[in-house]
Structures are given as C-alpha cells and as structure tokens.
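Below: one structure, written as structure tokens.
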Protein chains: 2
Amino acid sequence: MRGVRAPCTLRRMADHPDRISVLAIAGSCRRRSFNRALLRAARARAPAGVDIGEFDPSRLPFFDGDVEEAGDPEAVRELKAAMHAADLVLLVTPEYNAGLPAVLKNAVDWGSRPPRPQAWDGRPVAIMGATPGRLGTALAQRSLRESLAGLNAHVMPQPRILLPGAARLFDDDLRLTDAATAERLDKFMAAAAEWARRFR
Amino acid sequence: MRGVRAPCTLRRMADHPDRISVLAIAGSCRRRSFNRALLRAARARAPAGVDIGEFDPSRLPFFDGDVEEAGDPEAVRELKAAMHAADLVLLVTPEYNAGLPAVLKNAVDWGSRPPRPQAWDGRPVAIMGATPGRLGTALAQRSLRESLAGLNAHVMPQPRILLPGAARLFDDDLRLTDAATAERLDKFMAAAAEWARRFR
C-alpha cells in the first residue's frame with residue numbers, strides 16, 4: 001500500500017491475535033522534524049509484538065465536500081483502510097500557533113467521514129508530541145483530544161509524552177540521545193500496546 | 001493578483017485614507033458552502049467605503065519547513081502580500097470536529113512565518129462562521145482566537161457572528177434570506193470597519 005511505509009504489517013487482528021498493529025501519523029512535513037525523529041525512536045524501540053506502519057498525511061488533499069461527493073481520492077481510501085486495519089493509531093504532533101498543524105487536522109477530518117462507522121469510532125489512539133519551545137505541544141494535544149472525543153476515539157489518557165526543548169533531546173542526526181526520554185518512550189509504547197489490547 | 005478575486009481593491013491606506021480594504025479568507029472548499037454564502041452576503045452588504053477581496057486558502061500547500069526554506073511558493077507570497085495590504089482580515093470559518101478546518105489553519109500558519117513582522121502582527125481581524133449544526137462554530141472560533149492572540153493579531157471581540165442551523169438562513173441558491181441575520185451581519189461589518197480604523 002503506497003503511503004504506508006515498510007516495515008508495514010498492519011495485519012488484521014484475526015491473522016495474528018498476539019500482535020498489535022499500530023498506524024502512525026506524524027503531523028510534520030519537514031525532513032528534519034523532531035516529531036518524525038520521535039516517531040523513528042518509537043519505531044526503533046517498539047515493544048516485541050508491536051508493528052508500526054506509517055501513513056504520510058501530506059498525501060491527502062484538503063478536505064472538500066465536493067471532492068468527497070465525487071468519490072474518495074486514492075489517498076483518502078488508503079488512510080481509511082489503514083485506520084480500520086490498525087489496532088491503535090499513534091498520532092505524533094508538533095504545535096503550530098497554539099494549535100494543530102493543518103496536515104494532521106486534515107487527516108483527522110478525512111478519517112471522520114463516511115462510510116459509517118467512521119474510522120475513529122471506537123479506535124484506540126495514543127498521542128505524543130515534541131516542540132523546540134516550552135509547551136511541549138500541550139495545546140495541540142488538547143485540541144486533538146477534543147476533536148477525537150467527539151468522534152468516540154478511545155484516546156489513552158496516561159502516560160503522556162509532551163516534550164519541550166526537543167533540540168536538547170536529539171543529536172545532530174536526530175537520534176534520541178536523552179536517556180530519561182527514552183525510558184518514558186518505552187513506558188509509553190508499552191502502555192499504548194496494553195491500551196490497544198483492552199479494546200480488542 | 002491571482003487568488004484574490006475581483007472586485008479586489010486591497011488599496012493601501014495611503015492611497016485611499018477614507019476606505020477600508022478587507023481581505024477575506026473562507027475556510028471551506030465546497031462550492032455550496034454556507035460559509036462561502038455568508039461571505040458573499042457580507043460582500044453584497046458591505047458598508048460604503050469597505051472593499052472586500054478574497055484569498056482562496058486551498059491554493060496553499062501544507063506548511064512545510066523544507067518548502068519554506070527553499071523559498072515561499074507563489075501562493076504563500078501572494079497570501080502574505082495580500083495580508084500586508086489589508087486594513088482588516090475577515091476570517092470565515094466552518095467547524096470540523098470541534099476545531100478548525102485544516103485549510104484555514106494552514107493559512108494562519110503560513111501567515112505567521114517570516115519575514116518579520118509576520119503578517120498577523122498588529123493586524124485587525126474579524127471572525128464569523130456558520131454551521132448546519134448547533135454550536136455555530138463556537139469551538140472553531142475559540143481555536144482561531146487562541147492562535148491569533150499568540151500572533152498579536154487584533155481580533156475584534158464583539159459583535160460576534162456564530163450561526164447555528166445555517167440551512168434555515170439561506171435559500172436554495174444560498175442567498176441569505178433571514179432578516180435578523182442580515183441585520184446582525186450589517187452591524188458586524190460596520191463594527192469591523194470601525195475596528196480596522198482604530199488601528200490605522
């Protein structure tokens with residue numbers, strides 16, 4: 001499936017009842033993004049039995065009711081299919097001007113559209129985010145939780161990953177070098193896998 | 001200027017000191033949008049001396065730091081120039097999943113970028129929105145105000161236009177037919193012009 005990167009497994013539960021398939025969506029387009037680096041660290045450190053695929057939300061067009069009426073574009077169909085196949089959606093968000101990046105909100109909105117049940121309904125979700133500044137994506141995560149609650153997504157309340165001062169946590173090659181953050185990430189991913197299992 | 005629709009005047013203040021040039025940005029792409037219909041009504045009923053041009057935010061790419069670093073795309077340059085030339089920015093927003101449409105948040109974010117002063121800094125802004133549902137865009141407008149406050153835009157606090165049940169306010173050709181709403185719109189536009197004059 002184009003747009004979902006290897007090693008993308010996204011196996012259906014019935015195929016591998018012991019495994020958890022995670023669909024990750026990162027809300028930053030830039031190559032040297034701290035949030036994409038955070039997602040790479042999460043993939044590298046994922047617990048055994050957790051497979052993380054990724055969907056690139058910049059492939060989606062802006063939500064447009066007329067486009068939808070003419071039939072979902074290919075990228076939208078792929079997003080919805082990948083979400084329905086996932087045991088958990090992992091959203092990785094920067095914060096832009098006290099809110100969500102457009103590219104991520106757009107994926108939330110396309111995912112919320114018919115057919116019913118829409119793709120967020122009853123879906124386990126975990127959220128993390130990093131920012132070079134001081135808020136650590138607190139406001140972006142609040143917006144995301146508010147949108148997702150209305151869609152009946154089941155967002156893991158704790159533990160949370162909000163990383164201020166991200167420049168200090170990664171090296172020049174954007175590898176996670178901060179030990180305390182790595183430990184939090186391990187706990188977060190273990191909890192996310194457990195959260196996904198609750199809703200099977 | 002492509003993307004800014006006729007009758008677009010966007011005259012600089014010095015050219016016509018008695019006139020107010022408004023740049024409108026509507027956050028809905030669909031042709032039969034209530035918010036686009038609301039903007040058309042605002043343009044048709046604009047007070048004397050108020051010229052309303054429009055920028056189509058769906059022409060912008062998703063914000064991407066790498067794209068920005070390579071030089072602002074043409075649509076981004078046009079957005080920033082149109083904002084800097086405007087006495088007031090009129091934002092017309094739907095509400096998607098308790099938040100902003102991506103297409104509008106994206107315009108806010110591109111407008112917030114260098115060179116300094118960024119295009120929202122000190123800019124008078126008025127916000128209105130319509131929704132078929134019951135909230136009348138209350139949550140979308142809250143998000144927008146929060147983002148714009150951080151950017152030092154001067155958002156008119158009152159009067160406000162939040163229109164729930166929009167389907168009852170427009171006819172089949174999406175002309176505003178509700179007299180009370182038309183009256184509120186007239187007051188809103190007069191107040192917006194006065195608000196813009198305060199910051200000259």
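Here, A, B, ... name the chains of the structure tokens in the order displayed, residue numbers run from 1 inside each chain, and ligands are numbered from 1 in the same displayed order.
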
*Contacts of Ile25 (chain B) at 12 Å or less, counting only C-alpha atoms, minus same-chain residues fewer than 5 places along, as a PyMOL selection string?*
chain B and resi 3-5+35-36+38-40+52-59+79+82-83+86+88-94+103-108+111+125-129

*Find the residues of chain B in contact range of chain A, meaning any atom within 9 Å when counting only C-alpha atoms, and list them as a VMD selection string.*
chain B and resid 28 to 33 58 62 to 67 96 to 109 112 143 to 144 146 to 148 150 to 151

Those residues with N, CA, C and O atoms, as a compact mmCIF listing (two decimals), in the first residue's frame please?
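To be explicit, this is the file written out as selection_9.txt:
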```
# COMPACT_ATOMS: atom_id res chain seq x y z
N SER B 28 -13.71 27.00 3.79
CA SER B 28 -14.43 25.87 3.23
C SER B 28 -14.16 25.80 1.74
O SER B 28 -14.14 26.81 1.06
N CYS B 29 -13.93 24.61 1.24
CA CYS B 29 -13.61 24.42 -0.17
C CYS B 29 -14.87 24.16 -1.00
O CYS B 29 -14.88 24.42 -2.20
N ARG B 30 -15.90 23.61 -0.38
CA ARG B 30 -17.02 23.15 -1.21
C ARG B 30 -17.79 24.34 -1.80
O ARG B 30 -17.92 25.38 -1.20
N ARG B 31 -18.29 24.11 -3.01
CA ARG B 31 -18.95 25.17 -3.75
C ARG B 31 -20.20 25.64 -2.99
O ARG B 31 -20.41 26.84 -2.81
N ARG B 32 -21.01 24.70 -2.52
CA ARG B 32 -22.26 25.07 -1.85
C ARG B 32 -22.05 25.15 -0.33
O ARG B 32 -22.78 24.55 0.45
N SER B 33 -21.06 25.92 0.06
CA SER B 33 -20.73 26.07 1.47
C SER B 33 -21.56 27.20 2.08
O SER B 33 -21.71 28.27 1.47
N SER B 58 -7.14 27.28 -0.32
CA SER B 58 -6.87 25.93 -0.82
C SER B 58 -5.75 25.94 -1.86
O SER B 58 -5.28 24.88 -2.28
N PHE B 62 0.39 22.47 2.13
CA PHE B 62 0.53 22.29 3.58
C PHE B 62 1.82 22.96 4.04
O PHE B 62 2.84 22.88 3.35
N PHE B 63 1.79 23.58 5.23
CA PHE B 63 3.02 24.17 5.73
C PHE B 63 4.09 23.10 5.83
O PHE B 63 3.86 22.01 6.35
N ASP B 64 5.27 23.45 5.36
CA ASP B 64 6.40 22.52 5.33
C ASP B 64 7.66 23.36 5.45
O ASP B 64 7.95 24.18 4.57
N GLY B 65 8.41 23.15 6.54
CA GLY B 65 9.62 23.93 6.77
C GLY B 65 10.63 23.80 5.64
O GLY B 65 11.39 24.75 5.37
N ASP B 66 10.66 22.64 4.99
CA ASP B 66 11.62 22.46 3.88
C ASP B 66 11.20 23.29 2.67
O ASP B 66 12.04 23.88 1.99
N VAL B 67 9.91 23.31 2.40
CA VAL B 67 9.39 24.14 1.29
C VAL B 67 9.70 25.61 1.56
O VAL B 67 10.17 26.34 0.69
N TYR B 96 -14.99 21.91 12.00
CA TYR B 96 -14.86 20.48 11.70
C TYR B 96 -14.38 19.76 12.95
O TYR B 96 -13.27 20.02 13.43
N ASN B 97 -15.18 18.86 13.46
CA ASN B 97 -14.77 18.05 14.61
C ASN B 97 -14.22 18.91 15.75
O ASN B 97 -13.11 18.72 16.23
N ALA B 98 -15.02 19.86 16.17
CA ALA B 98 -14.71 20.71 17.32
C ALA B 98 -13.47 21.57 17.11
O ALA B 98 -12.90 22.08 18.08
N GLY B 99 -13.06 21.75 15.89
CA GLY B 99 -11.87 22.56 15.64
C GLY B 99 -11.93 23.24 14.29
O GLY B 99 -12.98 23.32 13.64
N LEU B 100 -10.76 23.73 13.87
CA LEU B 100 -10.66 24.47 12.63
C LEU B 100 -10.54 23.53 11.44
O LEU B 100 -9.94 22.47 11.54
N PRO B 101 -11.06 23.96 10.29
CA PRO B 101 -10.72 23.25 9.05
C PRO B 101 -9.23 23.42 8.77
O PRO B 101 -8.68 24.51 8.98
N ALA B 102 -8.61 22.36 8.29
CA ALA B 102 -7.18 22.41 8.01
C ALA B 102 -6.83 23.53 7.04
O ALA B 102 -5.81 24.21 7.19
N VAL B 103 -7.68 23.74 6.06
CA VAL B 103 -7.35 24.70 5.02
C VAL B 103 -7.23 26.12 5.60
O VAL B 103 -6.42 26.92 5.11
N LEU B 104 -7.97 26.41 6.65
CA LEU B 104 -7.89 27.74 7.26
C LEU B 104 -6.71 27.83 8.24
O LEU B 104 -5.97 28.81 8.25
N LYS B 105 -6.53 26.78 9.05
CA LYS B 105 -5.40 26.80 9.99
C LYS B 105 -4.08 26.91 9.23
O LYS B 105 -3.13 27.58 9.66
N ASN B 106 -4.03 26.27 8.07
CA ASN B 106 -2.82 26.32 7.25
C ASN B 106 -2.51 27.75 6.80
O ASN B 106 -1.35 28.17 6.80
N ALA B 107 -3.55 28.50 6.46
CA ALA B 107 -3.35 29.90 6.06
C ALA B 107 -2.87 30.73 7.25
O ALA B 107 -2.00 31.59 7.12
N VAL B 108 -3.44 30.46 8.44
CA VAL B 108 -2.98 31.15 9.65
C VAL B 108 -1.49 30.87 9.85
O VAL B 108 -0.70 31.79 10.12
N ASP B 109 -1.10 29.62 9.69
CA ASP B 109 0.30 29.25 9.96
C ASP B 109 1.26 29.83 8.93
O ASP B 109 2.32 30.35 9.30
N SER B 112 1.94 33.37 9.61
CA SER B 112 2.70 33.64 10.83
C SER B 112 4.20 33.55 10.63
O SER B 112 4.97 33.78 11.56
N SER B 143 -10.55 28.33 18.91
CA SER B 143 -9.21 27.92 18.47
C SER B 143 -8.53 29.03 17.68
O SER B 143 -7.34 29.31 17.84
N LEU B 144 -9.31 29.64 16.81
CA LEU B 144 -8.76 30.70 15.96
C LEU B 144 -8.30 31.87 16.82
O LEU B 144 -7.20 32.42 16.64
N GLU B 146 -7.37 31.81 19.89
CA GLU B 146 -6.20 31.42 20.68
C GLU B 146 -4.93 31.50 19.82
O GLU B 146 -3.91 32.04 20.24
N SER B 147 -5.02 31.00 18.59
CA SER B 147 -3.85 31.07 17.69
C SER B 147 -3.50 32.53 17.39
O SER B 147 -2.33 32.92 17.42
N LEU B 148 -4.51 33.33 17.11
CA LEU B 148 -4.26 34.70 16.67
C LEU B 148 -3.78 35.58 17.81
O LEU B 148 -3.00 36.52 17.59
N GLY B 150 -1.75 34.69 20.14
CA GLY B 150 -0.31 34.43 20.24
C GLY B 150 0.47 35.13 19.14
O GLY B 150 1.69 35.32 19.27
N LEU B 151 -0.20 35.50 18.08
CA LEU B 151 0.46 36.16 16.94
C LEU B 151 0.26 37.68 16.99
O LEU B 151 0.64 38.37 16.05
```

*asked:* Give me the residues near Arg160 (chain B) as a VMD selection string, where near means some atom within 10 Å (using only C-alpha atoms) and where sequence neighbours in that chain fewer than 2 positions away do not count.
replied: chain B and resid 126 to 129 141 156 to 158 162 to 163 184 to 185 187 to 188 191

*Quick one: pull the distance between CA of Ala24 (chain B) and CA of Ala42 (chain B), Å, one decimal.*
10.0 Å

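CA of Ala167 (chain A) lies 18.7 Å from CA of Ala140 (chain A).
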
*asked:* For a test of reading the model, state the distance in Å between CA of Ala119 (chain A) and CA of Ala193 (chain A), rounded to one decimal.
replied: 18.9 Å

*as a PyMOL selection string, list the residues of region 18-58 of chain B assigned to strand (DSSP E) by DSSP on the backbone atoms of this structure.*
chain B and resi 20-26+50-55

*DSSP on the backbone: what in region 83-173 of chain B comes out helix (DSSP H, G or I), as a VMD selection string?*
chain B and resid 83 to 85 102 to 111 138 to 150 166 to 168
